[in-house]
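**Q** Contents of entry-v2.cif (mmCIF, C-alpha atoms and all ligand atoms):
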data_model
loop_
_atom_site.label_atom_id
_atom_site.label_comp_id
_atom_site.auth_asym_id
_atom_site.auth_seq_id
_atom_site.Cartn_x
_atom_site.Cartn_y
_atom_site.Cartn_z
CA MET A 1 -4.24 -25.85 -10.33
CA SER A 2 -2.73 -22.43 -10.44
CA TYR A 3 -3.57 -19.53 -8.13
CA ILE A 4 -3.70 -15.89 -9.10
CA PHE A 5 -1.77 -13.22 -7.20
CA THR A 6 -2.26 -9.53 -7.94
CA VAL A 7 -0.87 -6.25 -6.66
CA SER A 8 -2.71 -2.98 -6.12
CA PRO A 9 -2.12 -1.03 -9.37
CA ASP A 10 -0.63 1.89 -7.42
CA PHE A 11 2.66 0.04 -6.84
CA SER A 12 5.77 2.02 -7.63
CA PRO A 13 7.19 1.18 -11.10
CA ASP A 14 10.56 0.74 -9.35
CA HIS A 15 9.15 -2.34 -7.66
CA LEU A 16 7.64 -3.99 -10.71
CA SER A 17 10.42 -6.56 -11.01
CA GLY A 18 10.37 -6.93 -7.22
CA TRP A 19 6.82 -8.26 -7.32
CA TYR A 20 7.79 -10.86 -9.93
CA ILE A 21 10.77 -11.91 -7.81
CA PHE A 22 8.50 -12.12 -4.76
CA ASN A 23 6.00 -14.24 -6.68
CA THR A 24 8.73 -16.68 -7.69
CA TRP A 25 9.94 -16.84 -4.09
CA LEU A 26 6.38 -17.46 -2.88
CA GLN A 27 5.86 -20.33 -5.33
CA ARG A 28 9.03 -21.99 -4.15
CA GLN A 29 8.05 -21.60 -0.47
CA THR A 30 4.49 -22.81 -0.86
CA GLY A 31 5.02 -25.42 -3.56
CA GLU A 32 2.04 -23.97 -5.40
CA ALA A 33 1.79 -22.64 -8.91
CA ILE A 34 1.01 -18.96 -8.47
CA HIS A 35 0.61 -16.63 -11.40
CA LEU A 36 1.21 -12.90 -10.92
CA GLU A 37 -1.44 -10.98 -12.81
CA LEU A 38 -1.05 -7.19 -12.88
CA TYR A 39 -3.89 -4.91 -13.90
CA ASP A 40 -3.53 -1.49 -15.49
CA ASN A 41 -6.07 0.11 -13.23
CA PHE A 42 -8.22 -0.38 -10.14
CA HIS A 43 -11.33 -0.85 -12.21
CA ALA A 44 -9.97 -3.87 -14.07
CA GLN A 45 -8.59 -5.32 -10.83
CA ARG A 46 -11.93 -4.96 -9.04
CA ASP A 47 -13.69 -6.71 -11.93
CA ALA A 48 -11.30 -9.65 -11.50
CA ILE A 49 -11.95 -9.70 -7.72
CA GLN A 50 -15.69 -9.61 -8.31
CA ALA A 51 -15.36 -12.52 -10.74
CA ASN A 52 -13.56 -14.53 -7.98
CA GLN A 53 -10.41 -14.77 -10.08
CA ILE A 54 -8.02 -13.58 -7.37
CA ASP A 55 -6.52 -15.74 -4.61
CA LEU A 56 -3.83 -13.49 -3.18
CA ILE A 57 -3.64 -9.71 -3.31
CA TYR A 58 -1.42 -6.93 -2.07
CA ALA A 59 -4.44 -4.73 -1.61
CA ASN A 60 -5.08 -1.03 -1.43
CA PRO A 61 -6.82 -0.17 1.86
CA PHE A 62 -9.70 1.16 -0.18
CA ASP A 63 -10.48 -2.34 -1.47
CA ALA A 64 -10.04 -4.08 1.89
CA ALA A 65 -13.69 -3.70 2.88
CA MET A 66 -14.92 -5.39 -0.28
CA LEU A 67 -12.28 -8.14 -0.05
CA VAL A 68 -13.05 -9.00 3.58
CA ARG A 69 -16.76 -8.38 3.79
CA GLU A 70 -17.91 -9.53 0.37
CA LYS A 71 -15.23 -11.87 -0.88
CA GLY A 72 -14.07 -13.74 2.23
CA PHE A 73 -10.45 -12.56 2.19
CA LEU A 74 -8.39 -12.36 5.38
CA PRO A 75 -5.25 -10.36 6.08
CA LEU A 76 -1.81 -11.94 6.20
CA VAL A 77 0.82 -9.23 6.55
CA LYS A 78 1.75 -5.62 5.83
CA ALA A 79 5.06 -3.96 5.06
CA GLU A 80 6.69 -3.27 8.41
CA GLY A 81 6.71 0.37 9.46
CA VAL A 82 4.93 1.55 6.31
CA SER A 83 1.58 3.36 6.25
CA ASP A 84 -0.27 5.18 3.49
CA GLU A 85 -0.06 8.91 4.06
CA ALA A 86 -0.91 11.80 1.77
CA ILE A 87 0.70 15.18 1.17
CA ILE A 88 -0.99 18.31 -0.12
CA ALA A 89 1.54 20.49 -1.92
CA VAL A 90 1.65 23.67 -4.00
CA ARG A 91 4.41 25.51 -5.86
CA VAL A 92 7.03 26.93 -3.51
CA ASP A 93 6.35 30.50 -4.66
CA ASP A 94 2.60 30.20 -4.15
CA ILE A 95 1.23 32.75 -1.67
CA ILE A 96 -0.88 29.97 -0.15
CA ASP A 97 0.57 28.65 3.12
CA ASP A 98 -2.37 26.74 4.48
CA VAL A 99 -5.19 24.59 3.12
CA THR A 100 -7.71 27.05 4.55
CA GLN A 101 -6.45 29.74 2.16
CA LEU A 102 -7.29 27.71 -0.94
CA SER A 103 -10.38 28.73 -2.82
CA ALA A 104 -13.06 26.98 -4.83
CA GLY A 105 -12.34 26.37 -8.50
CA ILE A 106 -8.71 25.34 -8.04
CA LYS A 107 -7.22 22.57 -10.16
CA VAL A 108 -6.20 19.58 -8.07
CA ALA A 109 -3.82 16.96 -9.49
CA VAL A 110 -4.17 13.39 -8.21
CA THR A 111 -3.40 9.82 -9.25
CA GLN A 112 -6.01 7.05 -9.47
CA ASP A 113 -4.78 5.70 -6.13
CA PRO A 114 -8.07 5.68 -4.21
CA ASP A 115 -6.86 5.81 -0.62
CA VAL A 116 -4.41 8.66 -1.18
CA HIS A 117 -7.08 10.56 -3.09
CA MET A 118 -9.51 10.05 -0.21
CA ILE A 119 -7.04 11.14 2.48
CA GLY A 120 -6.12 14.17 0.37
CA MET A 121 -9.73 15.21 -0.11
CA MET A 122 -10.33 14.79 3.61
CA MET A 123 -7.52 17.27 4.27
CA LEU A 124 -8.82 19.71 1.66
CA GLU A 125 -12.22 19.65 3.35
CA ALA A 126 -10.80 21.84 6.13
CA GLY A 127 -10.59 24.52 3.43
CA ASP A 128 -14.24 24.04 2.37
CA LEU A 129 -13.14 22.19 -0.75
CA ASN A 130 -14.85 19.09 -2.08
CA ALA A 131 -15.18 17.15 -5.33
CA ASN A 132 -17.95 19.50 -6.49
CA ASN A 133 -16.09 22.78 -6.18
CA ILE A 134 -12.64 21.82 -7.46
CA GLU A 135 -11.39 20.60 -10.83
CA THR A 136 -9.87 17.15 -10.41
CA HIS A 137 -7.14 16.18 -12.87
CA PHE A 138 -5.89 12.61 -12.94
CA TYR A 139 -2.25 11.75 -13.68
CA ASN A 140 -0.54 8.40 -14.04
CA ASN A 141 2.07 8.94 -11.36
CA HIS A 142 3.36 11.34 -8.76
CA VAL A 143 6.19 12.67 -10.91
CA LEU A 144 3.58 13.87 -13.39
CA ILE A 145 1.65 15.53 -10.58
CA ALA A 146 4.79 17.44 -9.59
CA LYS A 147 5.29 18.42 -13.24
CA SER A 148 1.72 19.63 -13.55
CA LEU A 149 2.26 21.90 -10.54
CA LEU A 150 5.56 23.26 -11.80
CA GLN A 151 4.12 23.93 -15.25
CA GLY A 152 1.11 25.68 -13.75
CA ASP A 153 -1.38 23.13 -15.10
CA ALA A 154 -2.54 22.37 -11.58
CA ASP A 155 -2.71 24.50 -8.42
CA VAL A 156 -2.56 21.77 -5.81
CA GLY A 157 -1.19 18.24 -5.85
CA ILE A 158 -2.26 15.29 -3.72
CA PHE A 159 0.71 12.94 -3.37
CA LEU A 160 1.36 9.63 -1.71
CA ALA A 161 3.79 10.90 0.96
CA GLU A 162 6.33 8.20 0.18
CA ALA A 163 6.27 9.11 -3.52
CA PHE A 164 6.66 12.79 -2.69
CA ASP A 165 9.67 12.04 -0.51
CA ASP A 166 11.17 10.09 -3.44
CA LEU A 167 10.92 13.03 -5.86
CA SER A 168 14.26 14.53 -6.86
CA ASN A 169 15.62 17.21 -4.55
CA LEU A 170 15.43 19.68 -7.39
CA THR A 171 11.70 19.03 -7.78
CA LYS A 172 11.03 19.06 -4.05
CA LYS A 173 12.76 22.43 -3.72
CA GLN A 174 10.21 23.90 -6.08
CA LEU A 175 7.26 22.60 -4.07
CA LYS A 176 5.78 23.51 -0.71
CA ILE A 177 4.01 21.03 1.59
CA LEU A 178 0.80 22.45 3.07
CA VAL A 179 -0.10 19.38 5.06
CA ARG A 180 1.09 15.82 5.53
CA SER A 181 -1.27 13.25 6.98
CA GLN A 182 -0.24 11.37 10.11
CA ILE A 183 -2.86 8.66 10.26
CA SER A 184 -0.52 5.64 10.60
CA VAL A 185 -3.26 2.97 10.64
CA ILE A 186 -4.13 2.97 6.93
CA HIS A 187 -1.88 0.58 5.02
CA HIS A 188 -1.71 -1.83 2.10
CA SER A 189 -1.99 -5.47 3.13
CA LEU A 190 -1.21 -8.82 1.62
CA MET A 191 -4.49 -10.74 1.81
CA ILE A 192 -5.49 -14.32 1.15
CA GLY A 193 -8.68 -15.48 -0.54
CA PRO A 194 -11.05 -18.42 0.08
CA LYS A 195 -9.28 -20.96 -2.13
CA LEU A 196 -6.01 -20.67 -0.22
CA ILE A 197 -7.36 -19.83 3.20
CA ALA A 198 -6.70 -23.31 4.64
CA ARG A 199 -2.99 -22.53 4.29
CA ARG A 200 -3.23 -19.07 5.85
CA THR A 201 -1.27 -19.65 9.08
CA GLU A 202 1.47 -21.53 7.30
CA ILE A 203 1.89 -18.89 4.57
CA GLN A 204 1.75 -16.11 7.16
CA GLN A 205 4.56 -17.82 9.08
CA VAL A 206 6.72 -18.15 5.98
CA LEU A 207 6.25 -14.45 5.23
CA LEU A 208 6.97 -13.32 8.79
CA THR A 209 10.28 -15.16 8.89
CA MET A 210 11.26 -14.20 5.37
CA ASN A 211 13.72 -11.53 6.55
CA ASN A 212 15.70 -14.13 8.49
CA ASP A 213 17.66 -15.39 5.51
CA ASP A 214 19.66 -13.55 2.89
CA LYS A 215 17.56 -14.68 -0.04
CA GLY A 216 14.31 -13.58 1.61
CA LYS A 217 15.89 -10.31 2.67
CA SER A 218 16.99 -9.47 -0.85
CA VAL A 219 13.50 -10.25 -2.16
CA LEU A 220 12.04 -7.86 0.42
CA ASN A 221 14.56 -5.20 -0.53
CA SER A 222 13.44 -5.42 -4.12
CA LEU A 223 9.96 -4.54 -2.84
CA GLY A 224 11.30 -1.55 -0.95
CA PHE A 225 10.95 -2.65 2.67
CA ASN A 226 12.71 -4.76 5.30
CA ALA A 227 10.18 -7.17 6.71
CA TRP A 228 6.55 -8.16 6.83
CA ALA A 229 4.51 -7.52 9.96
CA LYS A 230 1.46 -9.56 10.95
CA VAL A 231 -1.98 -8.02 10.45
CA GLU A 232 -4.50 -9.28 13.00
CA ASP A 233 -8.11 -9.72 11.94
CA GLU A 234 -9.31 -7.01 14.33
CA GLU A 235 -6.64 -4.59 13.08
CA MET A 236 -8.03 -5.11 9.58
CA GLU A 237 -11.60 -4.67 10.79
CA PHE A 238 -10.62 -1.45 12.53
CA MET A 239 -8.95 -0.13 9.38
CA ILE A 240 -12.03 -0.99 7.34
CA ASP A 241 -14.27 0.82 9.84
CA LEU A 242 -11.94 3.81 9.83
CA MET A 243 -11.91 3.96 6.02
CA ASP A 244 -15.69 3.75 6.13
CA THR A 245 -15.85 6.89 8.30
CA LEU A 246 -13.65 8.74 5.80
CA ILE A 247 -15.67 7.90 2.71
CA ILE A 248 -17.91 10.99 2.66
CA MET B 1 -19.35 7.14 37.20
CA LEU B 2 -17.82 10.39 35.91
CA SER B 3 -16.35 12.40 38.74
CA ASP B 4 -16.59 16.20 38.85
CA MET B 5 -13.85 18.19 37.13
CA LYS B 6 -11.17 19.60 39.40
CA PRO B 7 -10.38 23.33 39.58
CA GLU B 8 -6.67 22.53 39.87
CA ASP B 9 -6.72 20.89 36.42
CA ILE B 10 -8.11 24.00 34.75
CA VAL B 11 -5.96 26.45 32.81
CA GLY B 12 -7.18 30.06 32.67
CA ASN B 13 -10.37 31.79 33.83
CA TYR B 14 -13.28 29.42 34.02
CA LYS B 15 -17.02 29.18 34.38
CA GLU B 16 -18.78 26.44 36.22
CA THR B 17 -21.90 24.43 35.40
CA VAL B 18 -23.54 21.09 36.07
CA LEU B 19 -24.29 18.70 33.22
CA ASN B 20 -27.06 16.16 33.51
CA LEU B 21 -25.73 13.16 31.69
CA TYR B 22 -27.98 10.49 30.29
CA GLY B 23 -27.94 7.51 32.62
CA ASP B 24 -24.88 8.81 34.37
CA GLY B 25 -26.17 11.38 36.84
CA SER B 26 -24.80 14.88 37.06
CA ARG B 27 -21.27 16.15 36.69
CA LYS B 28 -19.83 19.48 37.73
CA ILE B 29 -17.62 20.85 34.99
CA PHE B 30 -15.40 23.91 34.51
CA TYR B 31 -14.87 25.44 31.10
CA THR B 32 -12.81 28.24 29.60
CA ASP B 33 -12.70 30.24 26.36
CA ILE B 34 -9.42 28.72 25.27
CA GLU B 35 -9.59 26.85 21.97
CA THR B 36 -7.01 24.22 21.02
CA PRO B 37 -6.69 24.15 17.23
CA TYR B 38 -7.27 20.84 15.49
CA PRO B 39 -3.91 19.21 14.62
CA ASP B 40 -3.34 19.27 10.84
CA GLY B 41 -3.25 15.94 9.04
CA LYS B 42 -4.33 13.89 12.04
CA LEU B 43 -7.39 11.85 12.84
CA ILE B 44 -8.76 11.60 16.35
CA ALA B 45 -10.26 8.15 16.87
CA SER B 46 -12.07 6.34 19.65
CA THR B 47 -14.17 3.25 20.02
CA THR B 48 -16.90 2.57 22.57
CA ASP B 49 -18.94 -0.44 23.58
CA LYS B 50 -22.65 -0.49 22.81
CA LEU B 51 -23.38 1.73 25.80
CA GLY B 52 -20.91 4.47 24.88
CA ILE B 53 -18.17 3.42 27.31
CA ILE B 54 -14.74 4.13 25.84
CA THR B 55 -12.78 0.99 24.93
CA HIS B 56 -10.04 2.42 22.69
CA VAL B 57 -8.49 5.81 21.97
CA ASN B 58 -5.64 6.78 19.65
CA GLN B 59 -2.70 9.03 20.49
CA SER B 60 -4.30 12.15 18.96
CA PHE B 61 -7.38 11.59 21.12
CA ILE B 62 -5.22 11.50 24.22
CA GLU B 63 -3.31 14.64 23.22
CA MET B 64 -6.39 16.65 22.32
CA SER B 65 -8.55 15.64 25.27
CA GLY B 66 -5.77 16.21 27.78
CA TYR B 67 -6.58 12.98 29.63
CA THR B 68 -4.31 9.95 29.89
CA GLU B 69 -5.36 6.71 28.23
CA HIS B 70 -5.86 5.26 31.70
CA GLU B 71 -8.27 8.06 32.62
CA LEU B 72 -10.30 7.52 29.44
CA ILE B 73 -10.71 3.76 29.06
CA GLY B 74 -13.83 2.55 30.85
CA MET B 75 -15.35 6.04 31.07
CA PRO B 76 -18.56 7.16 29.34
CA HIS B 77 -17.81 9.15 26.19
CA SER B 78 -19.68 12.07 27.73
CA ILE B 79 -16.41 12.78 29.58
CA LEU B 80 -15.87 15.20 26.64
CA ARG B 81 -19.37 16.70 26.75
CA HIS B 82 -19.24 20.48 26.43
CA PRO B 83 -22.11 22.61 27.84
CA ASP B 84 -22.39 24.51 24.52
CA MET B 85 -23.40 21.30 22.70
CA PRO B 86 -27.19 20.88 22.43
CA SER B 87 -28.35 17.46 23.62
CA VAL B 88 -30.42 17.01 20.43
CA ALA B 89 -27.13 16.55 18.57
CA PHE B 90 -26.26 13.51 20.69
CA LYS B 91 -29.81 12.19 20.56
CA ASP B 92 -29.51 12.31 16.78
CA LEU B 93 -26.12 10.58 17.00
CA TRP B 94 -27.48 7.70 19.08
CA ASP B 95 -30.74 7.40 17.08
CA THR B 96 -28.71 7.22 13.87
CA VAL B 97 -26.15 4.63 14.96
CA ASN B 98 -28.88 2.56 16.65
CA ARG B 99 -30.48 2.29 13.22
CA GLY B 100 -27.15 0.91 12.03
CA GLU B 101 -26.33 4.06 10.05
CA LYS B 102 -23.40 6.47 9.89
CA TRP B 103 -23.67 9.76 11.80
CA GLN B 104 -21.76 12.92 10.93
CA GLY B 105 -21.70 16.17 12.76
CA PHE B 106 -19.63 19.01 14.14
CA VAL B 107 -18.86 18.69 17.82
CA LYS B 108 -17.37 21.04 20.39
CA ASN B 109 -15.49 18.94 22.91
CA LEU B 110 -14.39 19.77 26.44
CA ARG B 111 -10.79 19.16 27.46
CA LYS B 112 -9.58 18.10 30.87
CA ASP B 113 -8.03 21.57 31.28
CA GLY B 114 -11.41 23.25 30.64
CA GLY B 115 -10.52 24.35 27.10
CA TYR B 116 -12.31 23.15 23.98
CA TYR B 117 -11.72 21.90 20.43
CA TRP B 118 -14.01 21.57 17.43
CA VAL B 119 -14.09 18.43 15.30
CA LYS B 120 -16.01 16.99 12.41
CA ALA B 121 -16.99 13.57 13.71
CA THR B 122 -18.18 10.47 11.90
CA VAL B 123 -19.59 7.67 14.03
CA ILE B 124 -20.27 4.17 12.71
CA PRO B 125 -21.39 0.89 14.26
CA ASN B 126 -18.68 -1.79 14.44
CA ILE B 127 -20.22 -4.92 12.97
CA ARG B 128 -18.46 -8.23 13.66
CA ASN B 129 -20.01 -11.51 12.52
CA GLY B 130 -23.23 -9.68 11.80
CA GLN B 131 -23.53 -8.22 15.31
CA VAL B 132 -23.01 -4.64 16.47
CA VAL B 133 -20.21 -4.88 19.03
CA GLY B 134 -19.58 -1.17 19.55
CA TYR B 135 -19.10 2.15 17.81
CA THR B 136 -16.14 3.99 16.35
CA SER B 137 -15.85 7.73 15.97
CA VAL B 138 -13.23 9.24 13.69
CA ARG B 139 -12.75 13.01 13.78
CA ARG B 140 -11.11 15.21 11.19
CA LYS B 141 -10.31 18.89 11.01
CA PRO B 142 -13.52 20.86 10.50
CA SER B 143 -13.73 23.80 8.12
CA ARG B 144 -13.92 27.14 9.92
CA THR B 145 -16.98 28.09 7.89
CA LYS B 146 -18.85 25.06 9.19
CA VAL B 147 -17.71 25.69 12.76
CA ASN B 148 -18.94 29.29 12.54
CA GLU B 149 -22.31 28.06 11.30
CA CYS B 150 -22.52 25.74 14.31
CA ILE B 151 -21.57 28.57 16.67
CA GLN B 152 -24.63 30.42 15.31
CA LEU B 153 -26.94 27.41 15.19
CA TYR B 154 -26.27 25.42 18.36
CA PRO B 155 -27.47 28.03 20.90
CA THR B 156 -30.88 28.00 19.13
CA LEU B 157 -31.26 24.25 19.76
CA PHE B 158 -31.51 24.39 23.55
C1 LIG A 301 -18.28 6.34 19.27
C2 LIG A 301 -18.87 7.51 20.01
C3 LIG A 301 -18.13 8.68 20.13
C4 LIG A 301 -18.62 9.78 20.81
N1 LIG A 301 -17.84 10.88 20.90
C5 LIG A 301 -18.29 11.94 21.62
C6 LIG A 301 -17.48 13.10 21.77
O1 LIG A 301 -16.37 13.18 21.23
N2 LIG A 301 -17.94 14.11 22.51
C7 LIG A 301 -19.17 14.07 23.12
O2 LIG A 301 -19.53 15.02 23.80
N3 LIG A 301 -19.97 12.98 22.97
C8 LIG A 301 -19.55 11.94 22.24
N4 LIG A 301 -20.37 10.84 22.08
C9 LIG A 301 -21.74 10.90 22.65
C10 LIG A 301 -21.75 10.54 24.11
O3 LIG A 301 -21.91 9.13 24.23
C11 LIG A 301 -22.93 11.20 24.83
O4 LIG A 301 -24.15 10.84 24.23
C12 LIG A 301 -22.84 12.74 24.82
O5 LIG A 301 -21.61 13.16 25.34
C13 LIG A 301 -23.96 13.41 25.59
O6 LIG A 301 -24.07 12.90 26.88
P1 LIG A 301 -25.40 12.22 27.38
O7 LIG A 301 -25.84 11.28 26.30
O8 LIG A 301 -25.01 11.52 28.64
O9 LIG A 301 -26.39 13.31 27.57
C14 LIG A 301 -19.91 9.72 21.39
C15 LIG A 301 -20.67 8.56 21.26
C16 LIG A 301 -20.16 7.46 20.56
C17 LIG A 301 -21.01 6.23 20.40
#
How does the structure come out when it is put into structure tokens?
Ligand SMILES: Cc1cc2nc3c(=O)[nH]c(=O)nc-3n(C[C@H](O)[C@H](O)[C@H](O)COP(=O)(O)O)c2cc1C

**A**
Amino acid sequence: MSYIFTVSPDFSPDHLSGWYIFNTWLQRQTGEAIHLELYDNFHAQRDAIQANQIDLIYANPFDAAMLVREKGFLPLVKAEGVSDEAIIAVRVDDIIDDVTQLSAGIKVAVTQDPDVHMIGMMMLEAGDLNANNIETHFYNNHVLIAKSLLQGDADVGIFLAEAFDDLSNLTKKQLKILVRSQISVIHHSLMIGPKLIARRTEIQQVLLTMNNDDKGKSVLNSLGFNAWAKVEDEEMEFMIDLMDTLII
Amino acid sequence: MLSDMKPEDIVGNYKETVLNLYGDGSRKIFYTDIETPYPDGKLIASTTDKLGIITHVNQSFIEMSGYTEHELIGMPHSILRHPDMPSVAFKDLWDTVNRGEKWQGFVKNLRKDGGYYWVKATVIPNIRNGQVVGYTSVRRKPSRTKVNECIQLYPTLF
């Protein structure tokens, strides 16, 4: 029997091969046949979760509530020292210096990444902006959001902070950060589903010690971080509750 | 359980009043006109037990309230109660969460130093294994327009 592993569709394209390498590593460690299935968008991934096709997922915080409370998933680990933060930015020459100076009707560029979108909208709310009084434009990645700002197609961009920091210096110099979230408790998590749950502790242990050998370390590097950190059940519950307070 | 505020903790000119707290007797408080602006990009979070006793606070909560974590844990959440807040707001909060629903509202909070800060708060019940085990409140930066509306509205609710 083969298990299905999937990754939140907002992963950085730079880490695409990293996830395949990780999947191979995981199969070797667990002795199980695990197939990595990537979905083009959150919608398609959620359909697969709903149809009980997924056994392991590196999940967006936005989907954690559904995974835990409806589908019986439990958390394993998160990337150490990494949290999902959002940045609101405008063009560097914009007269706007603060979210509160933005006005209704502006064009806001975002990706489909649901948690970053939510954190961004929460920060725009301080300026009396909401989904009903802005124009939301979706882009496939954060480089395209930056482009849309520079070309004047959008007035404001909502970025994953990490992706913003990874923009070229030339691009960053032409942008101005209005606000950067500092929430620190919202993060992606690797989660395990009902069919594999009997092996949870064992798999968690393998992941937590993965950075102790060179092979494991290089696999982690290909994912863009140094180690996994354990996610306790209550930490996950708290994050789900916190996300719940932010949705509307 | 809540002790009176201390004049030596207060920064600036202050007024004095006595709050009658639900189930917790009265508390003498001192309050000033000094507003601390909401920190951009941050969330202020706390969790209470079913009775409203604080069980967890995050770093932003500590910084904005002016109390230490030690001073907060185990205290009723009314430690932040500001005299300008109408009690109907908190009645609505408790009625709503007791129904198992989410409450949202704009709240003026009292700092240890007598100053205040406005938040937009969302309170939800924490449900574990089907049981309510407590409540979590997460605050975000409120829009100034909404705060100004509350400054007009709240005095009419006393
Ligand atoms: C999770 C949670 C968070 C709360 N946060 C606050 C707060 O920040 N400020 C406040 O004045 N009351 C807050 N309350 C309401 C207090 O429990 C209390 O009802 C209120 O301060 C009024 O005091 P009283 O009920 O003793 O009259 C909170 C309640 C809960 C359940």

**Q** Determine the nearest neighbour of ligand LIG 301 (chain A) from the options A:Thr245, A:Gln101, A:Asn226, A:Asn41, counting all atoms listed in the file.

**A**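 Looking only at the distances to ligand LIG 301 (chain A), the closest residue turns out to be A:Thr245.
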
**Q** Give as a list of chain:residue names every residue of chain B that touches chain A within 9 Å, counting only C-alpha atoms.

**A**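 Listing them in order of chain and number gives B:Asp40, B:Gly41, B:Lys42, B:Leu43, B:Ile44, B:Ala45, B:Lys102, B:Gln104, B:Ala121, B:Thr122, B:Val123, B:Ile124, B:Pro125, B:Asn126, B:Ile127, B:Arg128, B:Thr136, B:Ser137, B:Val138, B:Arg139, B:Arg140, B:Lys141, B:Pro142, B:Ser143, B:Arg144, B:Thr145, B:Lys146.
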
**Q** Mind listing the residues within 7 Å of ligand LIG 301 (chain A), all atoms listed in the file counted, as a ChimeraX atom specification?

**A** /B:20-24,46-48,52,76-82,87,90-91,94,107,109,123,135-137

**Q** Compile the contact shell of segment 202-211 of chain A as a ChimeraX atom specification: residues with an atom at most 12 Å away, counting only C-alpha atoms, same-chain residues fewer than 6 positions apart removed.

**A** /A:22-23,25-32,56,74-80,189-192,196,217-221,225-232

**Q** Build an axis-aligned box that encloses every atom of segment 64-69 of chain B listed in the file, pad it by 3 Å on each side, and report its centre and edge lengths in Å to one decimal, as AutoDock Vina command-line options.

**A**
--center_x -6.4 --center_y 11.7 --center_z 26.1 --size_x 10.2 --size_y 15.9 --size_z 13.6

**Q** Expressed in Å to a single decimal, how great is the separation between atom CA of Ser3 of chain B and atom CA of Tyr67 of chain B?

**A** 13.4 Å

**Q** Have a look at A:His188, A:Ala109, A:Leu170, A:Pro194 and name the one nearest to Gly157 of chain A; count all atoms listed in the file.

**A**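 Comparing A:His188, A:Ala109, A:Leu170, A:Pro194 against Gly157 of chain A, the winner is A:Ala109.
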
**Q** Within 10 Å of His15 of chain A, counting all atoms listed in the file, which residues qualify if same-chain residues fewer than 5 places away don't, as a PyMOL selection string?

**A** chain A and resi 20-21+221-224

**Q** Restricting the calculation to all atoms listed in the file: of A:Val108, A:Ala146, A:Ala64, A:Met121, which residue gets closest to Ile134 of chain A?

**A**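 Among the listed residues, the smallest separation from Ile134 of chain A belongs to A:Val108.
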
**Q** Report, in Å with one decimal, the straight-line distance from atom CA of Asp84 of chain A to atom CA of Ala163 of chain A.

**A** 10.4 Å

**Q** Expressed in Å to a single decimal, how great is the separation between atom CA of His187 of chain A and atom CA of Tyr139 of chain A?

**A**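 Atom-to-atom, atom CA of His187 of chain A and atom CA of Tyr139 of chain A are spaced 21.8 Å apart.
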
**Q** For a quick check of understanding, using only C-alpha atoms, which of A:Asp55, A:Asp113, A:Glu162, A:Asp153 has the smallest distance to Ser8 of chain A?

**A**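 Looking only at the distances to Ser8 of chain A, the closest residue turns out to be A:Asp113.
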
**Q** Given only C-alpha atoms as the basis, pick out the residue of B:Ile151, B:Gly74, B:Lys120, B:Leu51 nearest to Val97 of chain B.

**A**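 Once distances to Val97 of chain B are computed over only C-alpha atoms, the minimum belongs to B:Leu51.
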
**Q** Using only C-alpha atoms and a cutoff of 7 Å, can you tell me which residues are near (-17.8, 24.1, 32.5) in the file's coordinates, and write them out as a ChimeraX atom specification?

**A** /B:15-17,29-31,83,114

**Q** Show me, as a PDB file with C-alpha atoms, in the frame of the given file, the residues that have an atom within 12 Å of His43 of chain A when counting only C-alpha atoms, minus same-chain residues fewer than 4 positions from it.

**A**
ATOM      1  CA  SER A   8      -2.710  -2.980  -6.120  1.00  0.00           C
ATOM      2  CA  PRO A   9      -2.120  -1.030  -9.370  1.00  0.00           C
ATOM      3  CA  TYR A  39      -3.890  -4.910 -13.900  1.00  0.00           C
ATOM      4  CA  ASP A  47     -13.690  -6.710 -11.930  1.00  0.00           C
ATOM      5  CA  ALA A  48     -11.300  -9.650 -11.500  1.00  0.00           C
ATOM      6  CA  ILE A  49     -11.950  -9.700  -7.720  1.00  0.00           C
ATOM      7  CA  GLN A  50     -15.690  -9.610  -8.310  1.00  0.00           C
ATOM      8  CA  ASP A  63     -10.480  -2.340  -1.470  1.00  0.00           C
ATOM      9  CA  GLN A 112      -6.010   7.050  -9.470  1.00  0.00           C
ATOM     10  CA  ASP A 113      -4.780   5.700  -6.130  1.00  0.00           C
ATOM     11  CA  PRO A 114      -8.070   5.680  -4.210  1.00  0.00           C
TER      12      PRO A 114
END
